[in-house]
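*Asks:* Would you mind keeping the following structure in view while I ask a few things?
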Amino acid sequence: MASGSPKTPLYATDDLSRTLTIIYATETGNAQDYAGRIAHHCRRAHFNCHVFDVDKYPLSEIVSERILIYVVSTSGTGKEPRTMTPLWKSLLRSDLPSDFFQDLHYAVFGLGDSSYEKFCWPAKKLSRRLQSLGAKAICPSAEGDTQHTLGTDGAFEPWVSSLTHALLRLLPLPLHLSLLPAEELPTPRVVFLEATSEELQDASDPLLCDDRYHTFKLIGNNRISASDWYQDVRHFQFRCQDDIAYDPGDVAVIHPEASPIDVDFFLTTLGWSNSADDPIRMKHVFDDQSLPDHLPQVSTLRVLFSRHLDINAVPKRSFFQLLKHFATDEREREKLEEFSSPEGAEDLYDYTTRVRRTISEVLSEFRSVCIPRDYIFDLFPPLRPREFSIASAALMHPREVHLCVAIVDYKTQLKARRRGVCTSFLASLPIGTIGIAKGLLAFPPDPNTPVICVGPGTGVAPARAVLQARMHAGARDNTLYFGHRASGKDAHYSHEWTTLAESGKLTYRVMASRDGPEGTARVYVQDLIRIDAKPVWELVHGKGAWVYISGSSNKMPAGVRAALVHIAQEEGGMGEKDARDYVALMEKEERLYEECWS
């Protein structure tokens, strides 16, 4: 039995002036989670909220908004999420007047990691641009930092409180209403109703009805790292019956399924085994609280926890803040309240993040918890689709998609084995559904323009797509900088690159960072670019080469940019500021692209 029951009305007022829009731009789903939490707080102040993913928001509506709240994550080294780029470009139009948003009140919350130089850069730039177009800030912007003791919640909770009170100053509550208590158990976002077996059988799979998705057959699953190497990297080949079209830089979207063994254990833990396959219908109560994509109206608990809700995620503090309402044992409830509090942040980190304890494992330890079925979408995070850069060119491999994927398989500090949900799913997938999402890369109009690809590790995937497309077009002035750890261990596709280099179609430059003698400084791909300063400058400045950087958004992308700045100084005779401006101009002219991921 829960410790409380929800009392919050659907909406206490139908006053249209108390309507606001929340737009989130996300890569991994964190911004979406925070957008929902903002909507919950605003609903406490009796605001009607509309929540949109930025790529689903109609840009034509923005001029008519009166209250707009943005939640923006940071992608790569200070980049906006790819879904936000069209909005950002529309806001940068030079013909927009300085009073374009004179009637708009806005707020911005950014998400990022302060260990990177351009911490929360997209959120900061968005706030400045809105101000320059006449918009008025409801409250100061804030940036959630993953390095904070409380994680991104460290900035979010004081900010959302400030936002709520600023909104109430902007639009005070009617006399008959008051701010609803923060600790009150909220109304669930869905209500489950019984359904029939016939309804379940007739229910369509939204994924199969989406024309962005295609049915593929797995025709190749080959390990391309050495068998004795610590990391298992695979080359996957999928074949489709349809004539599919995609471009270099596009990504494959995979909707994974959890292991049946994991799902059975979870359902047993919560006492749902006997009802796991009963047909249920979902009624969405709060439109401002999102549901997972491609969710069927009629389903079962087993399907929901296999395909749509993530039981293997490491839980966040917000999970414990809601879970505590459902604990019947006093000691367990006290522990959950401790994990929910700022004072319990260190204990929570040790209990969850440090040892990678999953939601399923947490619930197996808090045995008094009895979760009402209607709250599963409020408590459990969505099992998000994974995106992988496509490692092939459609013109060279018709009806095929190739992926270069590092298999996630390790042991936690609890000695529990962890296998990536999506990579395990891929490895065992004979036939499946894969979506194609557009990327942001473009090609030089003239195939004779040189191209430089920088793609260490699995970052070679989009580089391979670019180079294959160039080969198909007959372009020969191609350079690949590939970085890896050890010769003979993880030089992905090295046979392809050496064959192309021998035929004169590719300049192949490779650096193994761990090959040097013990105790010597490691040399990375960005260091190799500095070593090649003269030929790189000749390509970039003398011949107008386009540069593509792809891979992990750690220090590598910034290191490659710094190498280009260094080369502009050394070979171009520029001062530091002019050299930085030169590299920035390359990006503005769309001669420098990043396809990086965290």
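Here's how to read the names in the structure tokens: chain A, B, ... by the order shown, residue numbers from 1 in each chain, ligand numbers from 1 in the order shown.
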Can you list, as a PyMOL selection string, every residue of segment 124-180 of chain A that DSSP puts in strand (DSSP E or B)?
*Replies:* chain A and resi 136-137+142-145
*Asks:* Find the spatial neighbours of Asp33 of chain A, counting only C-alpha atoms, within a cut-off of 12 Å - ignore same-chain residues fewer than 6 positions away - and output them as an NGL selection string.
*Replies:* :A and (22-27 or 39-40 or 51-53 or 71-73 or 111 or 152-153 or 156 or 288-292 or 316 or 318-319 or 377-382 or 384)
*Asks:* Closest to Asp211 of chain A among A:Glu337, A:Asp242, A:Glu587, A:Glu198, using only C-alpha atoms?
*Replies:*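 Going through A:Glu337, A:Asp242, A:Glu587, A:Glu198 one by one, the smallest distance to Asp211 of chain A is for A:Asp242.
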*Asks:* Would you give me, as JSON lines, each residue of segment 358-386 of chain A having an atom within 12 Å of an atom of segment 320-325 of chain A, along with its shortest atom pair and that distance in Å to one decimal, using only C-alpha atoms and sorting by chain and residue number?
*Replies:*
```
{"residue": "A:Ile359", "atom": "CA", "partner": "A:Phe320", "partner_atom": "CA", "distance": 10.1}
{"residue": "A:Val362", "atom": "CA", "partner": "A:Phe320", "partner_atom": "CA", "distance": 10.0}
{"residue": "A:Leu363", "atom": "CA", "partner": "A:Leu323", "partner_atom": "CA", "distance": 9.5}
{"residue": "A:Phe366", "atom": "CA", "partner": "A:Leu323", "partner_atom": "CA", "distance": 9.8}
{"residue": "A:Arg367", "atom": "CA", "partner": "A:Leu323", "partner_atom": "CA", "distance": 11.9}
{"residue": "A:Ser368", "atom": "CA", "partner": "A:Lys324", "partner_atom": "CA", "distance": 10.4}
{"residue": "A:Val369", "atom": "CA", "partner": "A:Leu323", "partner_atom": "CA", "distance": 7.6}
{"residue": "A:Cys370", "atom": "CA", "partner": "A:Leu323", "partner_atom": "CA", "distance": 9.1}
{"residue": "A:Ile371", "atom": "CA", "partner": "A:Leu323", "partner_atom": "CA", "distance": 7.9}
{"residue": "A:Pro372", "atom": "CA", "partner": "A:His325", "partner_atom": "CA", "distance": 10.4}
{"residue": "A:Tyr375", "atom": "CA", "partner": "A:Leu322", "partner_atom": "CA", "distance": 9.4}
{"residue": "A:Ile376", "atom": "CA", "partner": "A:Leu323", "partner_atom": "CA", "distance": 10.5}
{"residue": "A:Phe377", "atom": "CA", "partner": "A:Leu322", "partner_atom": "CA", "distance": 11.5}
{"residue": "A:Asp378", "atom": "CA", "partner": "A:Leu322", "partner_atom": "CA", "distance": 8.2}
{"residue": "A:Leu379", "atom": "CA", "partner": "A:Leu322", "partner_atom": "CA", "distance": 6.8}
{"residue": "A:Phe380", "atom": "CA", "partner": "A:Leu323", "partner_atom": "CA", "distance": 10.1}
```
*Asks:* Near Cys49 of chain A, counting only C-alpha atoms, which residues have an atom at most 12 Å away, once you skip same-chain residues fewer than 4 positions from it, shown as a VMD selection string?
*Replies:* chain A and resid 10 to 11 13 to 23 35 to 45 67 to 69 286 to 290
*Asks:* Can you tell me, as a short mmCIF file (atom, residue, chain, number, x, y, z; two decimals) with C-alpha atoms, in the first residue's frame, what residues are no more than 12 Å from Arg417 of chain A when counting only C-alpha atoms, ignoring any on the same chain fewer than 5 positions away?
*Replies:*
```
data_model
loop_
_atom_site.label_atom_id
_atom_site.label_comp_id
_atom_site.auth_asym_id
_atom_site.auth_seq_id
_atom_site.Cartn_x
_atom_site.Cartn_y
_atom_site.Cartn_z
CA ASN A 312 18.83 -2.23 -16.30
CA VAL A 355 28.97 0.03 -8.41
CA ARG A 356 26.57 0.37 -11.40
CA ARG A 357 23.65 -1.11 -9.41
CA THR A 358 20.58 -1.40 -11.67
CA VAL A 408 29.62 -3.74 -23.84
CA ASP A 409 30.63 -6.58 -21.48
CA TYR A 410 32.29 -6.04 -18.11
CA LYS A 411 32.10 -6.82 -14.39
CA THR A 412 31.02 -4.25 -11.82
#
```
*Asks:* Rank A:Pro450, A:Gly488, A:Gly504, A:Pro122 by their smallest atom-to-atom distance to Leu539 of chain A, using only C-alpha atoms, and report the top residue only.
*Replies:* A:Pro450
*Asks:* With a distance cut-off of 8 Å and only C-alpha atoms, select the neighbouring residues of Arg561 of chain A, excluding the residue or stretch itself and same-chain residues fewer than 4 positions from it, and output the selection as a PyMOL selection string.
*Replies:* chain A and resi 557+565+583
*Asks:* Restricting it to all heavy atoms, dump the selection as a compact mmCIF listing (two decimals), in the first residue's frame.
*Replies:*
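Writing done, so here's out-v9.txt:
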```
# COMPACT_ATOMS: atom_id res chain seq x y z
N PRO A 557 38.27 15.40 -30.13
CA PRO A 557 37.84 16.45 -31.06
C PRO A 557 38.50 17.80 -30.77
O PRO A 557 38.94 18.49 -31.69
CB PRO A 557 36.32 16.50 -30.85
CG PRO A 557 35.97 15.16 -30.29
CD PRO A 557 37.13 14.77 -29.45
N VAL A 565 44.67 24.57 -35.30
CA VAL A 565 45.06 25.93 -34.92
C VAL A 565 46.58 26.04 -34.90
O VAL A 565 47.16 27.02 -35.42
CB VAL A 565 44.47 26.30 -33.53
CG1 VAL A 565 45.07 27.60 -33.02
CG2 VAL A 565 42.95 26.40 -33.61
N VAL A 583 40.10 28.45 -38.10
CA VAL A 583 39.45 27.15 -37.90
C VAL A 583 37.94 27.35 -37.70
O VAL A 583 37.13 26.56 -38.21
CB VAL A 583 40.09 26.40 -36.71
CG1 VAL A 583 39.32 25.12 -36.40
CG2 VAL A 583 41.55 26.08 -37.02
```
*Asks:* Extract the full set of alpha helix (DSSP H) residues from segment 409-497 of chain A according to DSSP on the backbone, and format it as a PyMOL selection string.
*Replies:* chain A and resi 421-427+460-472+494-497
*Asks:* Can you pull out the residues contacting segment 421-426 of chain A? Cut-off 7 Å, using only C-alpha atoms, and skip same-chain residues under 6 positions away; I want them as JSON, numbers by chain.
*Replies:* {"A": [256, 257, 258, 407, 408]}
*Asks:* At a cut-off of 9 Å, using only C-alpha atoms, what residues contact Phe236 of chain A? Leave out same-chain residues fewer than 4 positions from it and give the result as a VMD selection string.
*Replies:* chain A and resid 218 to 223 401 to 405 426 to 427
*Asks:* My list of candidates is A:Asp527, A:Asp278, A:Asp113, A:Asp103. Which is closest to Glu194 of chain A when distances are computed with only C-alpha atoms?
*Replies:* A:Asp278
*Asks:* Would you please work out which residue, of A:Ser60, A:Ser392, A:Ser161, A:Thr498, is nearest to Ala465 of chain A when using only C-alpha atoms?
*Replies:*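 Once distances to Ala465 of chain A are computed over only C-alpha atoms, the minimum belongs to A:Ser392.
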*Asks:* Hey, can you check how far atom CA of Asp477 of chain A sits from atom CA of Lys543 of chain A?
*Replies:*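 So the answer is 10.2 Å.
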*Asks:* Kindly give the distance, in Å, that separates atom CA of His214 of chain A and atom CA of Val298 of chain A, rounded to a single decimal.
*Replies:*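 Rounded to one decimal, the two atoms are 22.5 Å apart.
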*Asks:* What does the structure give for the distance between atom CA of Arg239 of chain A and atom CA of Lys217 of chain A, in Å to one decimal?
*Replies:* 5.2 Å
